[in-house]
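Q: Input file: work.txt. Contents: compact mmCIF, C-alpha atoms and all ligand atoms.
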# COMPACT_ATOMS: atom_id res chain seq x y z
CA MET A 1 10.94 8.24 -11.40
CA GLY A 2 11.75 11.39 -9.45
CA GLU A 3 13.70 12.87 -12.33
CA GLN A 4 10.82 12.17 -14.68
CA GLY A 5 8.28 13.75 -12.32
CA PHE A 6 6.47 10.50 -11.51
CA LEU A 7 6.86 10.63 -7.71
CA CYS A 8 4.48 12.49 -5.39
CA THR A 9 2.61 14.14 -8.26
CA GLY A 10 0.14 15.63 -5.80
CA ILE A 11 2.71 17.72 -3.92
CA SER A 12 2.60 21.43 -4.64
CA LYS A 13 5.03 23.10 -7.03
CA LYS A 14 6.43 25.04 -4.06
CA PHE A 15 8.08 21.79 -2.92
CA GLY A 16 9.03 20.58 -6.40
CA GLY A 17 5.89 18.55 -7.17
CA LEU A 18 3.46 18.89 -10.04
CA GLY A 19 0.58 20.04 -7.87
CA GLY A 20 -1.55 17.47 -9.68
CA ASP A 21 -4.84 16.04 -8.48
CA PHE A 22 -5.44 12.40 -7.51
CA LEU A 23 -5.94 11.45 -11.16
CA TYR A 24 -2.20 11.98 -11.74
CA SER A 25 -1.53 9.42 -9.00
CA VAL A 26 -4.03 6.99 -10.52
CA ILE A 27 -2.32 7.24 -13.92
CA VAL A 28 1.11 6.50 -12.40
CA ILE A 29 -0.28 3.56 -10.36
CA GLU A 30 -2.02 2.08 -13.39
CA GLU A 31 0.98 2.48 -15.69
CA LEU A 32 3.22 0.77 -13.12
CA SER A 33 0.69 -2.08 -12.90
CA GLN A 34 0.65 -2.45 -16.67
CA ILE A 35 4.35 -3.30 -16.63
CA SER A 36 4.10 -5.32 -13.37
CA GLU A 37 6.54 -2.90 -11.73
CA ALA A 38 6.38 -3.28 -7.97
CA GLY A 39 9.84 -2.12 -6.94
CA LEU A 40 10.11 0.81 -4.52
CA ALA A 41 6.41 0.57 -3.64
CA ALA A 42 6.06 3.93 -5.39
CA PRO A 43 2.30 4.32 -4.78
CA LEU A 44 2.91 3.71 -1.08
CA HIS A 45 5.60 6.42 -1.03
CA SER A 46 3.78 8.96 -3.22
CA ASP A 47 0.14 8.52 -2.37
CA ILE A 48 0.02 7.01 1.11
CA ILE A 49 3.07 8.05 3.16
CA VAL A 50 4.10 11.43 1.79
CA PRO A 51 0.49 12.71 2.10
CA TYR A 52 0.90 12.34 5.90
CA ILE A 53 3.82 14.79 5.75
CA ASN A 54 1.95 17.03 3.35
CA THR A 55 -1.09 17.22 5.63
CA TYR A 56 0.25 17.05 9.17
CA ALA A 57 3.86 18.31 9.07
CA THR A 58 4.93 21.77 10.18
CA GLU A 59 6.13 24.18 7.51
CA ALA A 60 9.74 23.53 8.61
CA GLN A 61 9.26 19.75 8.32
CA LYS A 62 7.68 20.14 4.88
CA GLN A 63 10.55 22.29 3.65
CA LYS A 64 13.07 19.80 5.00
CA TYR A 65 11.54 16.63 3.61
CA LEU A 66 9.03 17.19 0.78
CA PRO A 67 11.47 18.26 -1.98
CA GLY A 68 13.54 15.08 -1.40
CA CYS A 69 10.41 12.92 -1.40
CA VAL A 70 9.43 14.39 -4.77
CA SER A 71 12.91 14.02 -6.31
CA GLY A 72 13.38 10.49 -4.96
CA ASP A 73 16.39 11.43 -2.85
CA ILE A 74 14.26 10.62 0.19
CA ILE A 75 12.46 7.28 0.09
CA THR A 76 9.81 6.92 2.76
CA ALA A 77 8.36 4.04 4.76
CA VAL A 78 5.59 3.87 7.33
CA ALA A 79 6.17 1.61 10.32
CA MET A 80 3.11 0.49 12.24
CA THR A 81 3.16 -3.32 12.21
CA GLU A 82 5.09 -5.15 14.93
CA PRO A 83 5.88 -8.82 15.47
CA ASP A 84 2.88 -9.03 17.85
CA ALA A 85 0.72 -6.26 16.43
CA GLY A 86 -0.67 -6.66 12.91
CA SER A 87 -4.36 -6.01 12.42
CA ASP A 88 -4.70 -5.00 16.05
CA LEU A 89 -2.54 -1.89 16.02
CA ALA A 90 -3.76 -0.89 19.47
CA SER A 91 -1.53 -3.61 20.88
CA MET A 92 1.69 -2.11 19.54
CA THR A 93 4.44 -1.88 22.14
CA THR A 94 7.08 0.40 20.57
CA THR A 95 7.45 3.28 22.99
CA ALA A 96 8.19 6.98 22.59
CA VAL A 97 9.30 8.82 25.73
CA ILE A 98 10.07 12.52 25.91
CA GLU A 99 13.43 13.36 27.53
CA GLY A 100 14.19 17.08 27.45
CA ASP A 101 14.30 18.21 23.83
CA GLU A 102 14.40 14.66 22.56
CA ILE A 103 12.07 11.71 22.06
CA VAL A 104 13.50 8.26 22.77
CA LEU A 105 12.12 5.38 20.71
CA ASN A 106 12.40 1.72 21.71
CA GLY A 107 10.89 -1.32 20.03
CA SER A 108 10.75 -3.14 16.73
CA LYS A 109 8.66 -3.11 13.58
CA THR A 110 8.28 -5.75 10.90
CA PHE A 111 6.94 -6.19 7.36
CA ILE A 112 7.79 -2.59 6.52
CA SER A 113 7.65 -1.84 2.80
CA ASN A 114 10.67 0.14 1.58
CA GLY A 115 12.26 -0.57 4.97
CA ILE A 116 15.70 -1.29 3.54
CA HIS A 117 15.65 1.55 1.00
CA SER A 118 14.06 4.06 3.33
CA ASP A 119 15.68 7.37 4.22
CA LEU A 120 12.76 8.63 6.29
CA ILE A 121 10.34 6.52 8.29
CA ILE A 122 7.04 7.57 9.82
CA VAL A 123 7.00 5.52 13.02
CA ALA A 124 3.91 4.88 15.13
CA ALA A 125 4.80 4.54 18.81
CA ARG A 126 2.98 4.77 22.12
CA ASP A 127 3.43 6.84 25.25
CA PRO A 128 3.82 4.10 27.91
CA LEU A 129 2.13 6.33 30.52
CA VAL A 130 -1.13 6.67 28.57
CA GLU A 131 -3.37 3.62 28.94
CA ASN A 132 -6.01 4.25 26.26
CA PRO A 133 -4.27 3.08 23.05
CA HIS A 134 -6.33 5.47 20.96
CA GLN A 135 -4.79 8.40 22.82
CA ALA A 136 -1.35 6.89 23.40
CA ILE A 137 -0.12 6.56 19.84
CA SER A 138 1.74 9.34 18.03
CA LEU A 139 3.62 9.50 14.74
CA TYR A 140 7.31 10.39 14.50
CA LEU A 141 9.68 11.19 11.65
CA VAL A 142 12.85 9.11 11.94
CA GLU A 143 15.77 9.62 9.58
CA SER A 144 17.56 6.39 8.68
CA GLU A 145 20.96 7.67 9.84
CA THR A 146 19.72 8.32 13.39
CA PRO A 147 21.85 6.49 16.01
CA GLY A 148 19.83 3.72 17.67
CA PHE A 149 17.89 3.02 14.48
CA GLN A 150 18.77 -0.18 12.67
CA LYS A 151 17.46 -1.92 9.58
CA GLY A 152 16.98 -5.67 10.02
CA ARG A 153 16.44 -8.55 7.61
CA GLN A 154 14.91 -8.11 4.20
CA LEU A 155 12.05 -10.59 4.28
CA ASN A 156 11.93 -13.18 1.51
CA LYS A 157 8.34 -12.87 0.31
CA MET A 158 6.50 -15.13 -2.14
CA GLY A 159 5.72 -12.12 -4.35
CA LEU A 160 6.61 -8.47 -4.89
CA LYS A 161 10.21 -9.63 -5.02
CA SER A 162 11.56 -6.34 -6.37
CA GLN A 163 10.04 -4.47 -3.42
CA ASP A 164 11.82 -4.65 -0.12
CA THR A 165 9.89 -5.48 3.03
CA SER A 166 11.91 -5.54 6.21
CA GLU A 167 12.34 -5.40 9.94
CA LEU A 168 13.26 -2.15 11.70
CA PHE A 169 14.72 -1.80 15.20
CA PHE A 170 14.74 1.16 17.58
CA ASN A 171 17.17 0.88 20.46
CA ASN A 172 17.26 4.12 22.47
CA CYS A 173 16.82 5.89 19.16
CA ARG A 174 16.83 9.62 19.95
CA ILE A 175 15.11 12.05 17.64
CA PRO A 176 14.56 15.78 18.20
CA LYS A 177 11.17 16.69 19.64
CA THR A 178 10.59 18.68 16.47
CA ASN A 179 10.33 15.37 14.59
CA GLN A 180 6.94 14.58 16.03
CA LEU A 181 4.39 14.53 13.23
CA GLY A 182 1.13 16.27 14.11
CA GLU A 183 -0.27 16.49 17.63
CA LYS A 184 0.96 14.17 20.36
CA GLY A 185 -1.54 11.35 20.92
CA SER A 186 -3.32 11.88 17.61
CA GLY A 187 -1.62 9.01 15.77
CA PHE A 188 -4.78 6.94 15.47
CA ILE A 189 -6.83 9.89 14.25
CA MET A 190 -4.25 10.71 11.57
CA LEU A 191 -4.14 7.08 10.46
CA MET A 192 -7.95 6.98 10.26
CA GLU A 193 -8.11 10.23 8.31
CA LYS A 194 -5.78 8.88 5.65
CA LEU A 195 -7.42 5.47 5.31
CA GLN A 196 -9.76 6.41 2.48
CA GLN A 197 -6.97 7.27 0.06
CA GLU A 198 -4.81 4.35 1.27
CA ARG A 199 -7.57 1.86 0.51
CA LEU A 200 -8.48 3.52 -2.76
CA VAL A 201 -4.82 3.29 -3.87
CA CYS A 202 -4.87 -0.46 -3.06
CA ALA A 203 -8.17 -0.86 -4.90
CA VAL A 204 -6.76 0.90 -7.97
CA MET A 205 -3.76 -1.44 -7.78
CA GLY A 206 -6.14 -4.41 -7.49
CA ILE A 207 -8.29 -3.55 -10.49
CA ALA A 208 -5.26 -2.53 -12.60
CA ALA A 209 -3.64 -5.89 -11.82
CA ALA A 210 -6.82 -7.78 -12.76
CA GLU A 211 -7.03 -5.83 -16.04
CA LYS A 212 -3.41 -6.58 -16.80
CA ILE A 213 -3.82 -10.29 -16.05
CA LEU A 214 -6.89 -10.48 -18.31
CA LYS A 215 -4.96 -8.76 -21.11
CA SER A 216 -1.95 -11.08 -20.72
CA THR A 217 -4.22 -14.14 -20.68
CA MET A 218 -6.01 -13.07 -23.85
CA THR A 219 -2.68 -12.44 -25.59
CA LEU A 220 -1.24 -15.76 -24.51
CA ILE A 221 -4.34 -17.72 -25.44
CA GLN A 222 -4.87 -16.01 -28.79
CA GLY A 223 -1.19 -16.25 -29.62
CA LYS A 224 -1.23 -20.04 -29.65
CA ASN A 225 -3.80 -21.98 -31.52
CA THR A 226 -2.09 -25.21 -32.37
CA ALA A 227 -4.38 -28.17 -31.84
CA GLY A 228 -4.39 -29.35 -28.28
CA THR A 229 -2.71 -26.27 -26.81
CA PHE A 230 -5.17 -23.49 -26.02
CA HIS A 231 -8.74 -24.23 -26.90
CA ILE A 232 -9.88 -20.69 -27.58
CA LYS A 233 -12.84 -22.09 -29.51
CA SER A 234 -13.92 -24.11 -26.52
CA GLN A 235 -16.99 -22.67 -24.88
CA VAL A 236 -15.55 -23.48 -21.47
CA VAL A 237 -12.51 -21.28 -22.13
CA GLN A 238 -14.56 -18.56 -23.78
CA PHE A 239 -17.04 -18.39 -20.92
CA ALA A 240 -14.25 -18.27 -18.35
CA LEU A 241 -12.74 -15.31 -20.21
CA VAL A 242 -16.13 -13.65 -20.56
CA GLU A 243 -16.72 -13.97 -16.82
CA MET A 244 -13.26 -12.54 -16.08
CA ALA A 245 -13.85 -9.62 -18.46
CA THR A 246 -17.29 -8.93 -16.97
CA GLU A 247 -16.03 -8.83 -13.39
CA VAL A 248 -13.07 -6.67 -14.36
CA LYS A 249 -15.45 -4.25 -16.09
CA ILE A 250 -17.75 -4.12 -13.04
CA GLY A 251 -14.73 -3.46 -10.82
CA ARG A 252 -13.40 -0.74 -13.13
CA THR A 253 -16.77 1.01 -13.20
CA PHE A 254 -16.95 0.99 -9.39
CA ILE A 255 -13.35 2.22 -9.02
CA ASN A 256 -13.78 5.05 -11.51
CA LYS A 257 -16.82 6.24 -9.56
CA LEU A 258 -14.86 6.10 -6.29
CA ILE A 259 -11.92 8.00 -7.80
CA ALA A 260 -14.32 10.75 -8.89
CA ASP A 261 -16.08 10.80 -5.48
CA HIS A 262 -12.74 10.90 -3.63
CA MET A 263 -11.56 13.78 -5.80
CA GLU A 264 -14.78 15.65 -4.99
CA GLY A 265 -13.95 15.26 -1.29
CA GLN A 266 -16.83 12.90 -0.52
CA ASN A 267 -16.66 10.49 2.41
CA VAL A 268 -16.43 7.08 0.75
CA VAL A 269 -14.62 5.19 3.52
CA ILE A 270 -17.13 2.32 3.42
CA GLU A 271 -17.07 2.08 -0.36
CA THR A 272 -13.25 2.19 -0.50
CA SER A 273 -13.14 -0.61 2.10
CA MET A 274 -15.53 -2.59 -0.12
CA ALA A 275 -13.39 -1.82 -3.15
CA LYS A 276 -10.12 -2.75 -1.42
CA TYR A 277 -11.32 -6.21 -0.49
CA TRP A 278 -13.30 -6.85 -3.67
CA THR A 279 -10.72 -5.75 -6.24
CA THR A 280 -7.77 -7.44 -4.51
CA ASP A 281 -9.80 -10.66 -4.22
CA LEU A 282 -10.73 -10.24 -7.88
CA ALA A 283 -7.07 -9.86 -8.85
CA ARG A 284 -6.28 -13.11 -7.04
CA LYS A 285 -9.24 -14.91 -8.60
CA THR A 286 -8.37 -13.62 -12.07
CA ALA A 287 -4.77 -14.79 -11.70
CA GLU A 288 -5.90 -18.22 -10.49
CA THR A 289 -8.37 -18.66 -13.38
CA SER A 290 -5.79 -17.41 -15.85
CA LEU A 291 -3.16 -19.93 -14.76
CA ASN A 292 -5.75 -22.68 -14.93
CA LEU A 293 -6.69 -21.72 -18.50
CA LEU A 294 -3.06 -21.52 -19.51
CA GLY A 295 -2.43 -25.08 -18.41
CA GLU A 296 1.22 -26.12 -18.45
CA THR A 297 2.27 -22.68 -19.78
CA GLY A 298 0.88 -21.25 -16.55
CA THR A 299 3.33 -23.30 -14.52
CA LEU A 300 6.42 -21.79 -16.11
CA GLU A 301 8.39 -18.98 -14.47
CA LYS A 302 8.61 -17.25 -17.86
CA CYS A 303 4.82 -16.95 -18.02
CA PRO A 304 4.09 -13.30 -17.03
CA VAL A 305 0.93 -14.26 -15.14
CA VAL A 306 2.99 -16.41 -12.76
CA LYS A 307 4.70 -13.26 -11.42
CA ASP A 308 1.33 -11.48 -11.22
CA PHE A 309 -0.16 -14.49 -9.39
CA ARG A 310 2.51 -14.18 -6.68
CA ASP A 311 2.43 -10.39 -6.56
CA VAL A 312 -1.34 -10.08 -6.11
CA ARG A 313 -1.46 -12.67 -3.34
CA VAL A 314 -0.19 -10.23 -0.71
CA MET A 315 -2.64 -7.46 -1.68
CA SER A 316 -5.38 -8.93 0.50
CA ILE A 317 -3.04 -8.72 3.51
CA PHE A 318 -1.50 -5.25 3.49
CA ALA A 319 -3.24 -1.93 4.12
CA GLY A 320 -5.71 -3.70 6.41
CA THR A 321 -6.56 -7.32 5.61
CA ASN A 322 -9.68 -8.04 3.59
CA GLU A 323 -11.33 -9.52 6.69
CA ILE A 324 -10.64 -6.26 8.55
CA MET A 325 -12.27 -4.41 5.60
CA LYS A 326 -15.37 -6.58 5.97
CA GLY A 327 -15.41 -5.95 9.73
CA ILE A 328 -15.37 -2.17 9.11
CA ILE A 329 -18.17 -2.43 6.57
CA ALA A 330 -20.24 -4.61 8.91
CA LYS A 331 -19.85 -2.01 11.66
CA CYS A 332 -20.84 0.80 9.30
CA MET A 333 -23.90 -1.25 8.29
CA GLY A 334 -24.90 -1.27 11.95
CA LEU A 335 -24.37 -5.03 12.25
C1 LIG B 401 3.96 -7.23 1.52
C2 LIG B 401 3.57 -6.57 2.79
C3 LIG B 401 3.87 -5.24 2.97
C4 LIG B 401 3.55 -4.61 4.17
N1 LIG B 401 3.91 -3.30 4.35
C5 LIG B 401 3.69 -2.71 5.56
C6 LIG B 401 4.16 -1.38 5.82
O1 LIG B 401 4.75 -0.72 4.95
N2 LIG B 401 3.97 -0.85 7.05
C7 LIG B 401 3.33 -1.53 8.03
O2 LIG B 401 3.19 -1.00 9.11
N3 LIG B 401 2.86 -2.80 7.82
C8 LIG B 401 3.04 -3.39 6.61
N4 LIG B 401 2.59 -4.68 6.38
C9 LIG B 401 1.95 -5.41 7.46
C10 LIG B 401 0.46 -5.55 7.25
O3 LIG B 401 -0.17 -4.33 7.46
C11 LIG B 401 -0.02 -6.63 8.20
O4 LIG B 401 0.47 -7.87 7.68
C12 LIG B 401 -1.51 -6.67 8.31
O5 LIG B 401 -1.95 -5.58 9.08
C13 LIG B 401 -2.01 -7.96 8.95
O6 LIG B 401 -1.34 -8.25 10.11
P1 LIG B 401 -0.81 -9.73 10.40
O7 LIG B 401 -0.06 -10.15 9.19
O8 LIG B 401 -0.10 -9.70 11.69
O9 LIG B 401 -2.08 -10.62 10.47
P2 LIG B 401 -3.06 -10.83 11.71
O10 LIG B 401 -3.57 -9.51 12.18
O11 LIG B 401 -2.42 -11.72 12.68
O12 LIG B 401 -4.26 -11.59 10.99
C14 LIG B 401 -4.18 -12.97 10.60
C15 LIG B 401 -5.49 -13.35 9.97
O13 LIG B 401 -6.57 -13.11 10.91
C16 LIG B 401 -7.50 -12.21 10.36
N5 LIG B 401 -7.97 -11.29 11.39
C17 LIG B 401 -7.21 -10.59 12.29
N6 LIG B 401 -7.99 -9.80 13.05
C18 LIG B 401 -9.26 -9.99 12.63
C19 LIG B 401 -10.53 -9.45 13.02
N7 LIG B 401 -10.63 -8.54 13.98
N8 LIG B 401 -11.61 -9.86 12.34
C20 LIG B 401 -11.53 -10.79 11.34
N9 LIG B 401 -10.37 -11.34 10.94
C21 LIG B 401 -9.25 -10.95 11.56
C22 LIG B 401 -6.77 -11.46 9.27
O14 LIG B 401 -7.65 -10.96 8.29
C23 LIG B 401 -5.84 -12.51 8.73
O15 LIG B 401 -6.52 -13.31 7.80
C24 LIG B 401 2.87 -5.33 5.19
C25 LIG B 401 2.56 -6.67 4.99
C26 LIG B 401 2.88 -7.29 3.79
C27 LIG B 401 2.52 -8.73 3.62
What's the structure tokens form of this structure?
A:
Amino acid sequence: MGEQGFLCTGISKKFGGLGGDFLYSVIVIEELSQISEAGLAAPLHSDIIVPYINTYATEAQKQKYLPGCVSGDIITAVAMTEPDAGSDLASMTTTAVIEGDEIVLNGSKTFISNGIHSDLIIVAARDPLVENPHQAISLYLVESETPGFQKGRQLNKMGLKSQDTSELFFNNCRIPKTNQLGEKGSGFIMLMEKLQQERLVCAVMGIAAAEKILKSTMTLIQGKNTAGTFHIKSQVVQFALVEMATEVKIGRTFINKLIADHMEGQNVVIETSMAKYWTTDLARKTAETSLNLLGETGTLEKCPVVKDFRDVRVMSIFAGTNEIMKGIIAKCMGL
């Protein structure tokens, strides 16, 4: 993907990128969805993690890391989640302590996408001396060869099998002070600032998956018309497909508007939270309905929707669960 120019399309030409706008990213995300390609978690690398480096890194950090991120020689991961800190990131316990010119990291992370393949990890860790979690957390750049850093198990997920998700351990892992990303104590602020694009990327993935599932279902159903197999002439089947197509169209219209608003620099945090939960739920619902319509065909591993069914299941969990999205929206509605 790096060789073909499909990674980090938004990074400036100065660092080897295309200098493209967010629409380039959307095209890559959608094309990957069309072929059910989930390996490498490319949208996470290109459009969620690397933008942190692009926005908050020093010039020296950018020069060191961005060209590799664009070429694919550096695969990135972002490590926030811990065994006892999922939705509630404020309760993370991984510590970062300054010792002379170094920062010493201790703790563990889990469910980290690209964890096994990663060469560079953005790690969220807290200063144990600062009580307020919103001021205690900072972001650090950890290279995978750093002594004290260890990759753990690759987790055996129900879906996204070609994408690694793993544990990471930090045991007196010493990084140079210059590997702090952004201001000390501003980890939460940086995470918040990047949420809009993160959720929009997930929403694009959600609607693209729903579109792909609808297309596959139509092909499978129209491709077989022997009596007793798929009853395409049955009103029940037709109406189910019509409802799927209508919801997918509504979702696509909403997403296209959000993409345009995001590209214009508008604040659409609430709308992207709505879109993240709604489109990923839609993808799940579409997959479920599809398998039901496909009957016994939908129980076979060779049926393409079976893979999609498993892959879309986890979308409502990562990047902030769908319940967390609803909580944010409720707060913004003054509830
Ligand atoms: C495939 C995959 C990839 C991932 N990749 C990464 C990654 O690259 N980096 C990373 O840091 N993390 C990653 N994660 C972790 C992911 O961000 C967490 O799983 C997520 O934040 C939820 O945390 P949890 O699983 O501990 O669930 P919990 O927070 O324990 O939540 C369990 C349930 O309770 C609900 N819940 C929790 N709090 C509230 C609340 N306040 N209000 C209402 N409902 C609530 C949740 O919605 C959920 O249904 C990944 C997870 C998966 C599955």
Q: Find the residue from A:Asp47, A:Glu167, A:Glu82, A:Glu323 that sits nearest to Val28 of chain A; use all atoms listed in the file when measuring.
A: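 Smallest separation from Val28 of chain A among the options: A:Asp47.
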Q: What are the closest atom pairs, with distances in Å to one decimal, for each residue of chain A lying within 10 Å of ligand LIG 401 (chain B), using all atoms listed in the file, rows by chain and rising residue number, as JSON lines?
A:
{"residue": "A:Ala41", "atom": "CA", "partner": "B:LIG401", "partner_atom": "O1", "distance": 8.8}
{"residue": "A:Leu44", "atom": "CA", "partner": "B:LIG401", "partner_atom": "O1", "distance": 7.7}
{"residue": "A:His45", "atom": "CA", "partner": "B:LIG401", "partner_atom": "O1", "distance": 9.4}
{"residue": "A:Ile48", "atom": "CA", "partner": "B:LIG401", "partner_atom": "O1", "distance": 9.8}
{"residue": "A:Ile49", "atom": "CA", "partner": "B:LIG401", "partner_atom": "O1", "distance": 9.1}
{"residue": "A:Thr76", "atom": "CA", "partner": "B:LIG401", "partner_atom": "O1", "distance": 9.4}
{"residue": "A:Ala77", "atom": "CA", "partner": "B:LIG401", "partner_atom": "O1", "distance": 6.0}
{"residue": "A:Val78", "atom": "CA", "partner": "B:LIG401", "partner_atom": "N2", "distance": 5.0}
{"residue": "A:Ala79", "atom": "CA", "partner": "B:LIG401", "partner_atom": "O2", "distance": 4.1}
{"residue": "A:Met80", "atom": "CA", "partner": "B:LIG401", "partner_atom": "O2", "distance": 3.5}
{"residue": "A:Thr81", "atom": "CA", "partner": "B:LIG401", "partner_atom": "O2", "distance": 3.9}
{"residue": "A:Glu82", "atom": "CA", "partner": "B:LIG401", "partner_atom": "O2", "distance": 7.4}
{"residue": "A:Pro83", "atom": "CA", "partner": "B:LIG401", "partner_atom": "O8", "distance": 7.1}
{"residue": "A:Asp84", "atom": "CA", "partner": "B:LIG401", "partner_atom": "O8", "distance": 6.9}
{"residue": "A:Ala85", "atom": "CA", "partner": "B:LIG401", "partner_atom": "O8", "distance": 5.9}
{"residue": "A:Gly86", "atom": "CA", "partner": "B:LIG401", "partner_atom": "O6", "distance": 3.3}
{"residue": "A:Ser87", "atom": "CA", "partner": "B:LIG401", "partner_atom": "O10", "distance": 3.6}
{"residue": "A:Asp88", "atom": "CA", "partner": "B:LIG401", "partner_atom": "O10", "distance": 6.0}
{"residue": "A:Leu89", "atom": "CA", "partner": "B:LIG401", "partner_atom": "O5", "distance": 7.9}
{"residue": "A:Lys109", "atom": "CA", "partner": "B:LIG401", "partner_atom": "O2", "distance": 7.4}
{"residue": "A:Thr110", "atom": "CA", "partner": "B:LIG401", "partner_atom": "N3", "distance": 6.9}
{"residue": "A:Phe111", "atom": "CA", "partner": "B:LIG401", "partner_atom": "C24", "distance": 4.7}
{"residue": "A:Ile112", "atom": "CA", "partner": "B:LIG401", "partner_atom": "C6", "distance": 3.9}
{"residue": "A:Ser113", "atom": "CA", "partner": "B:LIG401", "partner_atom": "O1", "distance": 3.8}
{"residue": "A:Asn114", "atom": "CA", "partner": "B:LIG401", "partner_atom": "O1", "distance": 6.9}
{"residue": "A:Gly115", "atom": "CA", "partner": "B:LIG401", "partner_atom": "O1", "distance": 7.5}
{"residue": "A:Ile121", "atom": "CA", "partner": "B:LIG401", "partner_atom": "O1", "distance": 9.7}
{"residue": "A:Ile122", "atom": "CA", "partner": "B:LIG401", "partner_atom": "N2", "distance": 9.4}
{"residue": "A:Val123", "atom": "CA", "partner": "B:LIG401", "partner_atom": "O2", "distance": 8.5}
{"residue": "A:Ala124", "atom": "CA", "partner": "B:LIG401", "partner_atom": "O2", "distance": 8.4}
{"residue": "A:Leu155", "atom": "CA", "partner": "B:LIG401", "partner_atom": "C1", "distance": 9.2}
{"residue": "A:Asn156", "atom": "CA", "partner": "B:LIG401", "partner_atom": "C1", "distance": 9.9}
{"residue": "A:Lys157", "atom": "CA", "partner": "B:LIG401", "partner_atom": "C1", "distance": 7.2}
{"residue": "A:Met158", "atom": "CA", "partner": "B:LIG401", "partner_atom": "C1", "distance": 9.1}
{"residue": "A:Gly159", "atom": "CA", "partner": "B:LIG401", "partner_atom": "C1", "distance": 7.8}
{"residue": "A:Leu160", "atom": "CA", "partner": "B:LIG401", "partner_atom": "C1", "distance": 7.0}
{"residue": "A:Lys161", "atom": "CA", "partner": "B:LIG401", "partner_atom": "C1", "distance": 9.4}
{"residue": "A:Gln163", "atom": "CA", "partner": "B:LIG401", "partner_atom": "C1", "distance": 8.3}
{"residue": "A:Asp164", "atom": "CA", "partner": "B:LIG401", "partner_atom": "C1", "distance": 8.4}
{"residue": "A:Thr165", "atom": "CA", "partner": "B:LIG401", "partner_atom": "C3", "distance": 6.0}
{"residue": "A:Ser166", "atom": "CA", "partner": "B:LIG401", "partner_atom": "N1", "distance": 8.5}
{"residue": "A:Glu167", "atom": "CA", "partner": "B:LIG401", "partner_atom": "N2", "distance": 10.0}
{"residue": "A:Asp311", "atom": "CA", "partner": "B:LIG401", "partner_atom": "C1", "distance": 8.8}
{"residue": "A:Val312", "atom": "CA", "partner": "B:LIG401", "partner_atom": "C1", "distance": 9.7}
{"residue": "A:Arg313", "atom": "CA", "partner": "B:LIG401", "partner_atom": "C27", "distance": 8.9}
{"residue": "A:Val314", "atom": "CA", "partner": "B:LIG401", "partner_atom": "C27", "distance": 5.3}
{"residue": "A:Met315", "atom": "CA", "partner": "B:LIG401", "partner_atom": "C1", "distance": 7.3}
{"residue": "A:Ser316", "atom": "CA", "partner": "B:LIG401", "partner_atom": "O14", "distance": 8.4}
{"residue": "A:Ile317", "atom": "CA", "partner": "B:LIG401", "partner_atom": "C12", "distance": 5.4}
{"residue": "A:Phe318", "atom": "CA", "partner": "B:LIG401", "partner_atom": "C10", "distance": 4.3}
{"residue": "A:Ala319", "atom": "CA", "partner": "B:LIG401", "partner_atom": "O3", "distance": 5.1}
{"residue": "A:Gly320", "atom": "CA", "partner": "B:LIG401", "partner_atom": "O5", "distance": 5.0}
{"residue": "A:Thr321", "atom": "CA", "partner": "B:LIG401", "partner_atom": "O14", "distance": 4.6}
{"residue": "A:Asn322", "atom": "CA", "partner": "B:LIG401", "partner_atom": "O14", "distance": 5.9}
{"residue": "A:Glu323", "atom": "CA", "partner": "B:LIG401", "partner_atom": "O14", "distance": 4.3}
{"residue": "A:Ile324", "atom": "CA", "partner": "B:LIG401", "partner_atom": "N8", "distance": 5.3}
{"residue": "A:Met325", "atom": "CA", "partner": "B:LIG401", "partner_atom": "O14", "distance": 8.5}
{"residue": "A:Lys326", "atom": "CA", "partner": "B:LIG401", "partner_atom": "C20", "distance": 7.8}
{"residue": "A:Gly327", "atom": "CA", "partner": "B:LIG401", "partner_atom": "N8", "distance": 6.0}
{"residue": "A:Ile328", "atom": "CA", "partner": "B:LIG401", "partner_atom": "N8", "distance": 9.1}
Q: Kindly give the distance, in Å, that separates atom CA of Ile213 of chain A and atom CA of Ala283 of chain A, rounded to a single decimal.
A: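 Spanning atom CA of Ile213 of chain A to atom CA of Ala283 of chain A is a straight-line distance of 7.9 Å.
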Q: To one decimal in Å, tell me the separation between atom CA of Leu241 of chain A and atom CA of Lys215 of chain A.
A: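 Separation of atom CA of Leu241 of chain A and atom CA of Lys215 of chain A: 10.2 Å.
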Q: Considering all atoms listed in the file, state which residue in the set A:Gly152, A:Glu211, A:Thr95, A:Pro128 is at the smallest distance from Cys173 of chain A.
A: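 Going through A:Gly152, A:Glu211, A:Thr95, A:Pro128 one by one, the smallest distance to Cys173 of chain A is for A:Thr95.
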Q: Figure out the distance between atom CA of Val305 of chain A and atom CA of Ser234 of chain A, please, to one decimal in Å.
A: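 Calculated distance between atom CA of Ser234 of chain A and atom CA of Val305 of chain A is 21.1 Å.
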Q: Show which residues sit within 9 Å of Met190 of chain A, as a PDB file with C-alpha atoms, in the frame of the given file. Count only C-alpha atoms, and ignore same-chain residues fewer than 5 positions away.
A:
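Below you can see result19.pdb, which holds the result:
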ATOM      1  CA  TYR A  52       0.900  12.340   5.900  1.00  0.00           C
ATOM      2  CA  TYR A  56       0.250  17.050   9.170  1.00  0.00           C
ATOM      3  CA  SER A 138       1.740   9.340  18.030  1.00  0.00           C
ATOM      4  CA  LEU A 139       3.620   9.500  14.740  1.00  0.00           C
ATOM      5  CA  GLY A 182       1.130  16.270  14.110  1.00  0.00           C
ATOM      6  CA  LEU A 195      -7.420   5.470   5.310  1.00  0.00           C
TER       7      LEU A 195
END
Q: Neighbouring residues of segment 100-106 of chain A were defined as those with any atom within 6 Å, considering all atoms listed in the file; residues of the same chain fewer than 6 positions away were excluded. Please report them as a PyMOL selection string.
A: chain A and resi 94+170-177
